file protein-v8.txt (compact mmCIF, C-alpha atoms)
# COMPACT_ATOMS: atom_id res chain seq x y z
CA MET B 8 12.22 4.72 -26.92
CA SER B 9 14.31 3.90 -29.97
CA SER B 10 15.30 0.27 -30.43
CA ALA B 11 18.95 1.25 -30.41
CA GLU B 12 18.63 2.62 -26.89
CA THR B 13 16.28 0.26 -25.08
CA GLU B 14 16.22 -3.26 -23.79
CA PRO B 15 12.79 -4.98 -23.65
CA LEU B 16 10.71 -2.96 -21.24
CA SER B 17 10.16 -4.76 -17.93
CA ALA B 18 7.77 -2.85 -15.72
CA GLU B 19 6.25 -4.58 -12.71
CA SER B 20 4.31 -1.44 -11.92
CA ILE B 21 2.50 -1.64 -15.28
CA ASP B 22 1.68 -5.31 -14.70
CA ALA B 23 0.29 -4.46 -11.28
CA ALA B 24 -1.79 -1.57 -12.58
CA LEU B 25 -3.47 -3.73 -15.20
CA ALA B 26 -3.86 -6.75 -12.93
CA GLY B 27 -5.78 -4.61 -10.46
CA PHE B 28 -8.62 -4.07 -12.93
CA VAL B 29 -8.96 -7.83 -13.42
CA ASP B 30 -8.56 -8.69 -9.74
CA ARG B 31 -11.31 -6.22 -8.83
CA ARG B 32 -13.48 -7.73 -11.61
CA GLU B 33 -13.77 -4.38 -13.35
CA ILE B 34 -12.91 -6.06 -16.66
CA PRO B 35 -12.75 -9.76 -17.64
CA GLY B 36 -9.37 -9.60 -19.37
CA VAL B 37 -6.84 -7.42 -21.15
CA LEU B 38 -3.80 -7.69 -23.40
CA ALA B 39 -1.46 -4.68 -23.51
CA VAL B 40 1.55 -4.41 -25.79
CA VAL B 41 4.23 -1.76 -26.36
CA THR B 42 6.38 -1.72 -29.48
CA ASP B 43 9.26 0.50 -30.47
CA SER B 44 10.20 0.99 -34.12
CA ASP B 45 11.77 -2.47 -34.29
CA ARG B 46 10.07 -4.94 -31.98
CA ILE B 47 7.63 -5.51 -29.12
CA VAL B 48 9.28 -4.45 -25.88
CA TYR B 49 6.49 -5.09 -23.37
CA THR B 50 3.55 -7.51 -23.16
CA CYS B 51 1.06 -7.95 -20.35
CA VAL B 52 -1.80 -10.47 -20.33
CA GLN B 53 -4.35 -10.51 -17.55
CA GLY B 54 -7.64 -12.32 -17.04
CA ILE B 55 -9.71 -14.39 -19.42
CA ALA B 56 -10.44 -14.39 -23.12
CA SER B 57 -13.38 -16.78 -22.78
CA ARG B 58 -15.17 -17.77 -19.61
CA ARG B 59 -17.24 -20.39 -21.42
CA GLY B 60 -14.17 -22.04 -22.89
CA GLY B 61 -12.03 -21.53 -19.81
CA ILE B 62 -9.44 -19.76 -21.99
CA ALA B 63 -6.99 -17.28 -20.53
CA MET B 64 -6.00 -14.13 -22.36
CA ALA B 65 -2.81 -14.73 -24.35
CA PRO B 66 -0.39 -12.75 -26.53
CA ASP B 67 -1.87 -14.35 -29.66
CA THR B 68 -5.55 -13.93 -28.72
CA ILE B 69 -7.62 -12.75 -31.68
CA PHE B 70 -9.92 -9.73 -31.26
CA ARG B 71 -12.66 -8.00 -33.20
CA ILE B 72 -10.91 -4.69 -33.82
CA ALA B 73 -13.96 -2.96 -35.34
CA SER B 74 -13.09 0.71 -36.02
CA MET B 75 -9.38 0.05 -35.71
CA THR B 76 -10.00 -1.10 -39.29
CA LYS B 77 -10.40 2.57 -40.27
CA PRO B 78 -6.70 3.53 -40.06
CA ILE B 79 -5.87 0.54 -42.27
CA THR B 80 -8.39 1.78 -44.82
CA SER B 81 -6.75 5.20 -44.63
CA ILE B 82 -3.36 3.59 -45.27
CA ALA B 83 -4.82 1.81 -48.31
CA VAL B 84 -6.13 5.10 -49.71
CA MET B 85 -2.77 6.81 -49.10
CA MET B 86 -1.05 4.00 -51.01
CA LEU B 87 -3.26 4.89 -53.96
CA VAL B 88 -2.37 8.55 -53.45
CA ASP B 89 1.30 7.52 -53.63
CA ASP B 90 0.47 5.59 -56.82
CA GLY B 91 -0.87 8.81 -58.35
CA LYS B 92 -4.37 7.36 -58.63
CA ILE B 93 -6.16 9.46 -55.97
CA ASP B 94 -6.14 13.18 -55.22
CA LEU B 95 -7.10 13.89 -51.62
CA ASP B 96 -8.96 17.06 -52.54
CA ALA B 97 -10.91 15.56 -55.42
CA PRO B 98 -14.65 14.99 -55.03
CA LEU B 99 -15.64 11.41 -54.32
CA THR B 100 -17.62 11.37 -57.57
CA ARG B 101 -14.35 11.47 -59.56
CA TYR B 102 -13.65 7.92 -58.46
CA LEU B 103 -17.20 6.76 -57.79
CA PRO B 104 -19.42 8.23 -60.51
CA LYS B 105 -22.54 6.51 -59.17
CA TYR B 106 -22.11 8.07 -55.71
CA HIS B 107 -25.17 10.07 -54.75
CA GLN B 108 -24.24 12.75 -52.22
CA PRO B 109 -26.92 13.22 -49.57
CA ASN B 110 -28.48 16.62 -49.01
CA VAL B 111 -27.74 18.55 -45.81
CA LEU B 112 -30.25 18.37 -42.96
CA VAL B 113 -32.21 21.57 -42.33
CA SER B 114 -34.78 20.45 -39.75
CA PHE B 115 -35.90 17.24 -38.07
CA ASP B 116 -39.12 16.56 -36.15
CA MET B 117 -38.30 14.10 -33.36
CA GLN B 118 -42.01 13.37 -32.85
CA THR B 119 -42.76 12.29 -36.40
CA GLY B 120 -39.37 11.61 -37.96
CA ASP B 121 -40.14 14.06 -40.75
CA TYR B 122 -37.21 16.16 -41.96
CA ARG B 123 -36.23 18.78 -44.50
CA THR B 124 -32.95 18.99 -46.40
CA ARG B 125 -31.20 21.22 -48.90
CA PRO B 126 -28.43 20.57 -51.43
CA ALA B 127 -24.90 20.90 -50.07
CA GLN B 128 -22.90 23.95 -51.09
CA SER B 129 -19.88 21.81 -52.08
CA ASP B 130 -18.93 18.28 -53.03
CA VAL B 131 -17.69 15.80 -50.43
CA THR B 132 -13.95 15.20 -50.91
CA VAL B 133 -11.67 12.27 -50.18
CA ARG B 134 -9.82 14.31 -47.53
CA GLN B 135 -13.06 15.21 -45.75
CA LEU B 136 -14.15 11.59 -45.65
CA MET B 137 -10.80 10.55 -44.16
CA SER B 138 -10.94 13.29 -41.51
CA HIS B 139 -14.63 12.88 -40.58
CA THR B 140 -15.54 16.37 -41.76
CA ALA B 141 -17.68 15.35 -44.75
CA GLY B 142 -20.94 15.90 -42.85
CA TYR B 143 -21.82 12.25 -42.24
CA GLY B 144 -22.84 10.98 -38.81
CA THR B 145 -23.46 7.55 -37.32
CA TRP B 146 -26.65 6.09 -35.93
CA PHE B 147 -25.44 5.30 -32.42
CA LEU B 148 -24.20 8.86 -31.85
CA ASP B 149 -27.17 10.81 -33.20
CA GLU B 150 -30.81 10.59 -32.12
CA ARG B 151 -32.07 11.72 -35.52
CA LEU B 152 -30.25 9.03 -37.46
CA LEU B 153 -31.16 6.46 -34.81
CA GLN B 154 -34.85 7.24 -35.25
CA LEU B 155 -34.58 6.42 -38.95
CA VAL B 156 -32.74 3.11 -38.51
CA ASP B 157 -34.93 0.21 -39.54
CA GLY B 158 -33.17 -2.97 -38.57
CA LYS B 159 -29.52 -3.00 -39.62
CA PRO B 160 -28.10 0.49 -40.28
CA ASP B 161 -27.20 1.30 -43.89
CA LEU B 162 -23.57 2.40 -43.63
CA LEU B 163 -23.30 3.59 -47.22
CA ASN B 164 -26.56 5.44 -47.89
CA ALA B 165 -27.20 8.08 -45.24
CA PRO B 166 -30.59 9.83 -45.41
CA PHE B 167 -28.82 13.18 -45.10
CA LEU B 168 -25.60 14.91 -44.13
CA LEU B 169 -25.75 16.39 -40.65
CA ASP B 170 -23.41 19.26 -41.55
CA GLU B 171 -22.21 21.15 -44.57
CA PRO B 172 -19.06 19.38 -45.85
CA GLY B 173 -15.89 20.74 -44.28
CA THR B 174 -17.56 22.68 -41.46
CA LYS B 175 -17.53 20.29 -38.49
CA PHE B 176 -15.76 17.21 -37.16
CA ARG B 177 -18.21 14.42 -36.45
CA TYR B 178 -17.27 10.75 -36.04
CA SER B 179 -19.16 8.95 -38.76
CA THR B 180 -19.62 6.24 -41.34
CA SER B 181 -17.49 8.23 -43.78
CA THR B 182 -14.70 5.61 -43.87
CA ASP B 183 -17.19 3.05 -45.14
CA VAL B 184 -18.31 5.50 -47.81
CA LEU B 185 -14.69 6.28 -48.71
CA ALA B 186 -13.65 2.63 -49.00
CA GLN B 187 -15.93 2.14 -51.99
CA ILE B 188 -13.28 3.80 -54.16
CA ILE B 189 -10.58 1.21 -53.47
CA GLU B 190 -11.85 -1.42 -55.92
CA PRO B 191 -12.60 0.85 -58.92
CA VAL B 192 -9.28 2.68 -58.48
CA SER B 193 -7.03 -0.33 -57.77
CA GLY B 194 -8.88 -3.14 -59.52
CA LEU B 195 -8.95 -5.16 -56.30
CA PRO B 196 -11.78 -5.67 -53.80
CA ILE B 197 -10.93 -4.14 -50.44
CA ASP B 198 -10.16 -7.45 -48.73
CA GLN B 199 -7.79 -8.48 -51.53
CA PHE B 200 -6.14 -5.04 -51.55
CA PHE B 201 -5.57 -5.28 -47.79
CA ALA B 202 -4.15 -8.79 -48.12
CA ARG B 203 -1.81 -8.10 -51.06
CA ARG B 204 -0.69 -4.55 -50.40
CA ILE B 205 -0.69 -4.37 -46.57
CA PHE B 206 -1.08 -7.66 -44.71
CA GLY B 207 1.28 -9.69 -46.88
CA PRO B 208 4.18 -7.20 -46.95
CA LEU B 209 3.83 -6.63 -43.20
CA GLY B 210 3.88 -10.35 -42.46
CA PHE B 211 0.46 -10.48 -40.82
CA ARG B 212 -0.52 -13.87 -39.46
CA ASP B 213 -4.04 -13.49 -38.08
CA THR B 214 -5.82 -10.51 -39.64
CA SER B 215 -8.84 -10.98 -41.89
CA PHE B 216 -12.51 -10.22 -42.37
CA ASP B 217 -13.13 -13.98 -42.12
CA LEU B 218 -14.08 -15.62 -38.85
CA PRO B 219 -10.89 -17.24 -37.49
CA SER B 220 -10.75 -20.96 -38.21
CA SER B 221 -9.35 -21.48 -34.71
CA THR B 222 -12.12 -19.88 -32.66
CA ASP B 223 -10.53 -21.11 -29.43
CA ARG B 224 -8.12 -18.18 -29.89
CA LEU B 225 -10.96 -15.69 -30.44
CA ALA B 226 -11.87 -13.66 -27.38
CA SER B 227 -15.51 -13.59 -26.33
CA VAL B 228 -17.47 -10.35 -26.22
CA PHE B 229 -18.52 -9.45 -22.69
CA THR B 230 -21.27 -6.97 -21.86
CA ARG B 231 -21.28 -5.17 -18.52
CA THR B 232 -24.42 -5.61 -16.42
CA ALA B 233 -25.35 -4.65 -12.88
CA GLU B 234 -24.49 -8.22 -11.82
CA GLY B 235 -21.17 -8.46 -13.66
CA PHE B 236 -20.57 -9.53 -17.26
CA THR B 237 -22.58 -11.59 -19.71
CA GLU B 238 -20.70 -13.51 -22.41
CA ALA B 239 -22.03 -13.48 -25.97
CA GLU B 240 -22.16 -16.54 -28.17
CA THR B 241 -19.45 -16.62 -30.84
CA GLU B 242 -20.71 -15.50 -34.24
CA THR B 243 -20.97 -18.08 -37.01
CA GLU B 244 -19.34 -15.95 -39.73
CA GLY B 245 -17.41 -12.74 -40.23
CA SER B 246 -18.79 -9.54 -41.68
CA ALA B 247 -18.69 -8.47 -45.31
CA PRO B 248 -15.44 -6.60 -46.07
CA ARG B 249 -15.80 -2.85 -45.57
CA GLY B 250 -13.67 0.16 -44.73
CA GLY B 251 -15.04 1.14 -41.36
CA GLY B 252 -14.81 -2.11 -39.41
CA GLY B 253 -15.09 -5.86 -39.43
CA LEU B 254 -11.49 -7.03 -39.16
CA TYR B 255 -10.29 -9.70 -36.76
CA SER B 256 -6.70 -9.19 -35.65
CA THR B 257 -4.09 -9.60 -32.94
CA ALA B 258 -2.04 -7.10 -31.00
CA GLY B 259 1.07 -8.48 -32.67
CA ASP B 260 -0.27 -7.93 -36.18
CA TYR B 261 -1.50 -4.43 -35.40
CA CYS B 262 1.88 -3.51 -33.96
CA ARG B 263 3.36 -4.20 -37.40
CA VAL B 264 1.16 -1.45 -38.84
CA LEU B 265 2.22 0.93 -36.11
CA ARG B 266 5.91 0.09 -36.54
CA MET B 267 5.58 0.82 -40.25
CA LEU B 268 4.23 4.27 -39.39
CA LEU B 269 6.98 4.83 -36.80
CA ASN B 270 9.47 3.99 -39.54
CA LYS B 271 7.85 6.55 -41.88
CA GLY B 272 6.37 4.03 -44.26
CA GLU B 273 8.93 1.22 -44.21
CA HIS B 274 8.79 -2.26 -42.70
CA ARG B 275 11.89 -4.49 -42.67
CA GLY B 276 13.27 -2.74 -45.73
CA THR B 277 9.99 -2.79 -47.66
CA ARG B 278 8.36 0.56 -48.32
CA LEU B 279 4.58 0.58 -48.11
CA LEU B 280 4.03 4.35 -47.87
CA SER B 281 6.07 7.38 -48.79
CA GLU B 282 7.40 9.51 -45.95
CA SER B 283 5.23 12.37 -47.16
CA ALA B 284 2.12 10.16 -46.99
CA CYS B 285 2.91 9.18 -43.40
CA GLU B 286 3.47 12.80 -42.46
CA GLU B 287 0.17 13.79 -44.08
CA MET B 288 -1.74 11.14 -42.16
CA LEU B 289 -0.38 12.45 -38.85
CA ARG B 290 -0.93 16.13 -39.67
CA ASN B 291 -3.92 18.15 -38.48
CA GLN B 292 -6.48 18.02 -41.31
CA ILE B 293 -9.33 19.90 -39.65
CA GLY B 294 -7.72 23.31 -39.13
CA ASP B 295 -9.40 25.37 -36.42
CA LEU B 296 -12.05 22.73 -35.80
CA ASN B 297 -11.73 20.43 -32.80
CA ALA B 298 -12.62 16.77 -32.35
CA GLN B 299 -15.11 17.40 -29.59
CA VAL B 300 -16.68 14.82 -27.27
CA GLN B 301 -19.07 12.61 -29.22
CA THR B 302 -22.33 12.01 -27.32
CA THR B 303 -24.03 8.63 -27.38
CA ALA B 304 -27.55 7.93 -28.57
CA VAL B 305 -27.34 4.22 -27.64
CA PRO B 306 -25.78 3.79 -24.17
CA ALA B 307 -25.87 0.00 -24.48
CA ARG B 308 -23.49 0.28 -27.45
CA SER B 309 -21.32 3.21 -26.44
CA ASN B 310 -20.79 5.72 -23.69
CA ASP B 311 -19.92 9.29 -24.61
CA PHE B 312 -16.44 9.48 -26.10
CA ILE B 313 -14.97 10.78 -22.85
CA PHE B 314 -11.44 10.11 -24.10
CA MET B 315 -11.94 13.12 -26.40
CA ASN B 316 -12.01 16.38 -24.46
CA GLY B 317 -12.35 18.90 -27.26
CA THR B 318 -8.63 19.66 -27.58
CA GLN B 319 -7.97 16.91 -30.14
CA LYS B 320 -7.50 17.45 -33.84
CA PHE B 321 -7.86 14.79 -36.53
CA GLY B 322 -5.52 13.57 -39.24
CA LEU B 323 -6.24 11.07 -42.00
CA GLY B 324 -7.55 8.20 -39.91
CA PHE B 325 -6.24 9.22 -36.49
CA ALA B 326 -7.20 11.48 -33.60
CA LEU B 327 -4.27 13.79 -32.80
CA GLU B 328 -3.39 15.29 -29.45
CA SER B 329 -2.86 19.05 -29.75
CA THR B 330 -1.72 19.42 -26.12
CA ASP B 331 0.26 17.28 -23.70
CA GLN B 332 -2.11 15.03 -21.75
CA PRO B 333 -2.07 14.45 -17.95
CA THR B 334 -1.36 10.75 -18.54
CA GLY B 335 1.96 11.66 -20.17
CA ARG B 336 0.88 11.33 -23.79
CA PRO B 337 2.52 14.27 -25.63
CA ALA B 338 1.09 16.59 -28.25
CA GLY B 339 1.40 15.03 -31.69
CA THR B 340 0.39 11.56 -30.53
CA ALA B 341 -2.04 9.73 -32.84
CA SER B 342 -4.70 7.26 -31.70
CA TRP B 343 -7.96 5.49 -32.32
CA ALA B 344 -10.08 2.63 -30.97
CA GLY B 345 -12.71 -0.02 -31.73
CA ILE B 346 -16.24 -0.49 -30.44
CA TYR B 347 -15.31 -3.50 -28.26
CA ASN B 348 -12.72 -1.43 -26.40
CA THR B 349 -9.63 -2.11 -28.43
CA TRP B 350 -7.32 0.93 -28.33
CA PHE B 351 -3.97 2.11 -29.63
CA TRP B 352 -1.79 5.16 -29.67
CA LEU B 353 1.30 6.10 -31.69
CA ASP B 354 3.89 8.37 -30.07
CA PRO B 355 6.35 9.58 -32.75
CA GLU B 356 8.18 11.85 -30.29
CA ASN B 357 9.13 8.96 -28.01
CA GLU B 358 9.35 6.46 -30.88
CA PHE B 359 6.91 3.86 -29.62
CA ALA B 360 3.31 2.71 -29.94
CA ALA B 361 0.97 0.86 -27.60
CA VAL B 362 -2.02 -1.41 -28.15
CA VAL B 363 -4.61 -2.29 -25.51
CA MET B 364 -7.05 -5.08 -26.37
CA MET B 365 -10.28 -5.90 -24.55
CA GLN B 366 -13.62 -7.29 -25.78
CA THR B 367 -16.12 -5.47 -23.63
CA GLN B 368 -19.29 -3.50 -24.23
CA PRO B 369 -20.29 -0.69 -24.14
CA PHE B 370 -17.55 1.25 -25.93
CA ALA B 371 -15.73 3.86 -23.81
CA ASP B 372 -16.83 1.88 -20.77
CA THR B 373 -15.80 3.77 -17.65
CA TRP B 374 -13.50 1.02 -16.39
CA CYS B 375 -11.97 0.36 -19.81
CA VAL B 376 -11.12 4.04 -20.20
CA ALA B 377 -9.76 4.09 -16.65
CA LEU B 378 -7.54 1.09 -17.45
CA CYS B 379 -6.19 2.77 -20.58
CA ARG B 380 -5.40 5.92 -18.63
CA ALA B 381 -3.72 3.96 -15.85
CA PHE B 382 -1.68 2.06 -18.43
CA GLU B 383 -0.58 5.29 -20.12
CA ARG B 384 0.25 7.05 -16.89
CA THR B 385 2.25 4.13 -15.49
CA LEU B 386 4.03 3.52 -18.80
CA TYR B 387 5.15 7.13 -19.15
CA ASP B 388 6.21 7.15 -15.49
CA CYS B 389 8.39 4.11 -16.23
CA LEU B 390 9.89 5.76 -19.30
CA THR B 391 10.80 8.94 -17.45
CA ALA B 392 12.36 6.85 -14.68
CA VAL B 393 14.72 5.05 -17.09

call {"tool": "encode", "arguments": {"input": "protein-v8.txt", "output": "structure tokens"}}
result
Amino acid sequence: MSSAETEPLSAESIDAALAGFVDRREIPGVLAVVTDSDRIVYTCVQGIASRRGGIAMAPDTIFRIASMTKPITSIAVMMLVDDGKIDLDAPLTRYLPKYHQPNVLVSFDMQTGDYRTRPAQSDVTVRQLMSHTAGYGTWFLDERLLQLVDGKPDLLNAPFLLDEPGTKFRYSTSTDVLAQIIEPVSGLPIDQFFARRIFGPLGFRDTSFDLPSSTDRLASVFTRTAEGFTEAETETEGSAPRGGGGLYSTAGDYCRVLRMLLNKGEHRGTRLLSESACEEMLRNQIGDLNAQVQTTAVPARSNDFIFMNGTQKFGLGFALESTDQPTGRPAGTASWAGIYNTWFWLDPENEFAAVVMMQTQPFADTWCVALCRAFERTLYDCLTAV
């Protein structure tokens, strides 16, 4: 779908597919956008952004993108690789001397919470942290870690590694751990690095760790219940800057990141990443391992990651399809998502990317996943019909 070959995509069938989910009250609202390497070619808005405010979903609605922050952190680290300041295969301690690597879990007593550990056989590396193979886990996907959570989870100081570094893919807090190197290596706190090196050059308008000043553009978070959806009160402040989540953004801003990757590191004549860095990010980094289904420990926060079927690989910040998918997504496509059901995928073969934004809990909600699959299937059907 190169910009030289396409007119803006007009697809009534895609509109109808997405509208059906809103009309049947399966989701409150959705914004879906498709961009080629040059510009947005399709936008669909359906439903509401805020019931309490009576605000409809709009192209410039602001969303909590949560773990869609992680690929931006990976881009930041790859910029520092391009600068010659980071070696992907170096141990984290090279750049963060005070880092204390957790021991590896040997046994855990679910009745008492007692556990035994042993020292790891190798040091955690930058590459492993970026590809979620460093051995870290996350509290809402592991009963053992969940049992040890006391109040707010500590994203930087895990009690133990669940696996020996480099031996298993496991979605984790590793991007938060990794992001600690950005300031000592670059001299800039992570939020300032993002703003100066990524957001500014890309022309971002609405992406920040700060709560938007215009909260009437901020979508509400809806939680599915047996009776429908409850609407959360808007938070009073944003989260502290970190690598694994916390950004507010729009579909339009995020498409600028994806266009930069489609253009192999360039945006409007400005190079942010080398071609080799882009290629490395979208290359399988986990070898013979697979990104298997991640099983929830907190169903109210997340369902099982049913969008991962065990055939996926992982790059540096992205899940990678190793086989063509029934929805039409080809092998080599990169993707990720955020806890409030914001999703994207990047299709280098067909030269386009798509972003789907909702603000619904739990993550991987059955209807949200079904909407994404319907969107993909209908979009690829439209492309093959052109």

call {"tool": "residues_around", "arguments": {"input": "protein-v8.txt", "residues": "range 339-355 of chain B", "least_positions_apart": "4", "cutoff": "6 Å", "atoms": "all atoms listed in the file", "output": "short mmCIF file (atom, residue, chain, number, x, y, z; two decimals) with C-alpha atoms, keeping the file's coordinate frame"}}
result
data_model
loop_
_atom_site.label_atom_id
_atom_site.label_comp_id
_atom_site.auth_asym_id
_atom_site.auth_seq_id
_atom_site.Cartn_x
_atom_site.Cartn_y
_atom_site.Cartn_z
CA ILE B 72 -10.91 -4.69 -33.82
CA ALA B 73 -13.96 -2.96 -35.34
CA SER B 74 -13.09 0.71 -36.02
CA MET B 75 -9.38 0.05 -35.71
CA PHE B 325 -6.24 9.22 -36.49
CA ALA B 326 -7.20 11.48 -33.60
CA LEU B 327 -4.27 13.79 -32.80
CA GLU B 328 -3.39 15.29 -29.45
CA PHE B 359 6.91 3.86 -29.62
CA ALA B 360 3.31 2.71 -29.94
CA ALA B 361 0.97 0.86 -27.60
CA VAL B 362 -2.02 -1.41 -28.15
CA VAL B 363 -4.61 -2.29 -25.51
CA MET B 364 -7.05 -5.08 -26.37
CA MET B 365 -10.28 -5.90 -24.55
CA GLN B 366 -13.62 -7.29 -25.78
CA THR B 367 -16.12 -5.47 -23.63
CA GLN B 368 -19.29 -3.50 -24.23
CA PHE B 370 -17.55 1.25 -25.93
#

call {"tool": "residues_around", "arguments": {"input": "protein-v8.txt", "residues": "Thr318 in chain B", "least_positions_apart": "2", "cutoff": "12 Å", "atoms": "only C-alpha atoms", "output": "MDAnalysis selection string"}}
result
chainID B and resid 291 295:300 313:316 320:321 326:332 338:339

call {"tool": "closest_residue", "arguments": {"input": "protein-v8.txt", "among": "B:Asp161, B:Asp149, B:Glu242, B:Glu171", "to": "Val111 in chain B", "atoms": "only C-alpha atoms"}}
result
B:Glu171

call {"tool": "residues_around", "arguments": {"input": "protein-v8.txt", "residues": "Pro172 in chain B", "least_positions_apart": "3", "cutoff": "8 Å", "atoms": "only C-alpha atoms", "output": "PDB file with C-alpha atoms, in the frame of the given file"}}
result
ATOM      1  CA  ALA B 127     -24.900  20.900 -50.070  1.00  0.00           C
ATOM      2  CA  GLN B 128     -22.900  23.950 -51.090  1.00  0.00           C
ATOM      3  CA  SER B 129     -19.880  21.810 -52.080  1.00  0.00           C
ATOM      4  CA  ASP B 130     -18.930  18.280 -53.030  1.00  0.00           C
ATOM      5  CA  VAL B 131     -17.690  15.800 -50.430  1.00  0.00           C
ATOM      6  CA  GLN B 135     -13.060  15.210 -45.750  1.00  0.00           C
ATOM      7  CA  THR B 140     -15.540  16.370 -41.760  1.00  0.00           C
ATOM      8  CA  ALA B 141     -17.680  15.350 -44.750  1.00  0.00           C
ATOM      9  CA  GLY B 142     -20.940  15.900 -42.850  1.00  0.00           C
ATOM     10  CA  LYS B 175     -17.530  20.290 -38.490  1.00  0.00           C
TER      11      LYS B 175
END

call {"tool": "residues_around", "arguments": {"input": "protein-v8.txt", "residues": "range 255-259 of chain B", "least_positions_apart": "5", "cutoff": "8 Å", "atoms": "all atoms listed in the file", "output": "NGL selection string"}}
result
:B and (38-40 or 66-73 or 213-219 or 362-364)

call {"tool": "write_last_selection", "arguments": {"input": "protein-v8.txt", "atoms": "C-alpha atoms", "output": "mmCIF file, in the coordinates of the input"}}
result
data_model
loop_
_atom_site.group_PDB
_atom_site.id
_atom_site.type_symbol
_atom_site.label_atom_id
_atom_site.label_comp_id
_atom_site.auth_asym_id
_atom_site.auth_seq_id
_atom_site.Cartn_x
_atom_site.Cartn_y
_atom_site.Cartn_z
ATOM 1 C CA LEU B 38 -3.800 -7.690 -23.400
ATOM 2 C CA ALA B 39 -1.460 -4.680 -23.510
ATOM 3 C CA VAL B 40 1.550 -4.410 -25.790
ATOM 4 C CA PRO B 66 -0.390 -12.750 -26.530
ATOM 5 C CA ASP B 67 -1.870 -14.350 -29.660
ATOM 6 C CA THR B 68 -5.550 -13.930 -28.720
ATOM 7 C CA ILE B 69 -7.620 -12.750 -31.680
ATOM 8 C CA PHE B 70 -9.920 -9.730 -31.260
ATOM 9 C CA ARG B 71 -12.660 -8.000 -33.200
ATOM 10 C CA ILE B 72 -10.910 -4.690 -33.820
ATOM 11 C CA ALA B 73 -13.960 -2.960 -35.340
ATOM 12 C CA ASP B 213 -4.040 -13.490 -38.080
ATOM 13 C CA THR B 214 -5.820 -10.510 -39.640
ATOM 14 C CA SER B 215 -8.840 -10.980 -41.890
ATOM 15 C CA PHE B 216 -12.510 -10.220 -42.370
ATOM 16 C CA ASP B 217 -13.130 -13.980 -42.120
ATOM 17 C CA LEU B 218 -14.080 -15.620 -38.850
ATOM 18 C CA PRO B 219 -10.890 -17.240 -37.490
ATOM 19 C CA VAL B 362 -2.020 -1.410 -28.150
ATOM 20 C CA VAL B 363 -4.610 -2.290 -25.510
ATOM 21 C CA MET B 364 -7.050 -5.080 -26.370
#

call {"tool": "closest_residue", "arguments": {"input": "protein-v8.txt", "among": "B:Ala307, B:Ile188, B:Met267, B:Leu279", "to": "Ala371 in chain B", "atoms": "all atoms listed in the file"}}
result
B:Ala307

call {"tool": "residues_around", "arguments": {"input": "protein-v8.txt", "residues": "Phe167 in chain B", "least_positions_apart": "2", "cutoff": "7 Å", "atoms": "only C-alpha atoms", "output": "list in words"}}
result
Pro109, Asn110, Val111, Leu112, Ala165 and Leu169 of chain B

call {"tool": "closest_residue", "arguments": {"input": "protein-v8.txt", "among": "B:Ile205, B:Leu168, B:Val184, B:Leu87", "to": "Gly252 in chain B", "atoms": "only C-alpha atoms"}}
result
B:Val184

call {"tool": "atom_distance", "arguments": {"input": "protein-v8.txt", "atom1": "CA of Gly144 in chain B", "atom2": "CA of Val376 in chain B"}}
result
23.1 Å

call {"tool": "atom_distance", "arguments": {"input": "protein-v8.txt", "atom1": "CA of Ser227 in chain B", "atom2": "CA of Ser57 in chain B"}}
result
5.2 Å

call {"tool": "atom_distance", "arguments": {"input": "protein-v8.txt", "atom1": "CA of Gln187 in chain B", "atom2": "CA of Gly251 in chain B"}}
result
10.7 Å

call {"tool": "closest_residue", "arguments": {"input": "protein-v8.txt", "among": "B:Glu244, B:Phe382, B:Tyr102, B:Gly253", "to": "Ala23 in chain B", "atoms": "all atoms listed in the file"}}
result
B:Phe382

call {"tool": "closest_residue", "arguments": {"input": "protein-v8.txt", "among": "B:Gly36, B:Pro208, B:Gly324, B:Pro160", "to": "Ile79 in chain B", "atoms": "only C-alpha atoms"}}
result
B:Gly324

call {"tool": "closest_residue", "arguments": {"input": "protein-v8.txt", "among": "B:Met117, B:Met64, B:Val88, B:Met137", "to": "Tyr178 in chain B", "atoms": "only C-alpha atoms"}}
result
B:Met137

call {"tool": "axis_aligned_box", "arguments": {"input": "protein-v8.txt", "around": "range 277-286 of chain B", "padding_each_side": "5 Å", "output": "JSON"}}
result
{"center_x": 6.1, "center_y": 5.0, "center_z": -45.6, "size_x": 17.9, "size_y": 25.6, "size_z": 16.3}
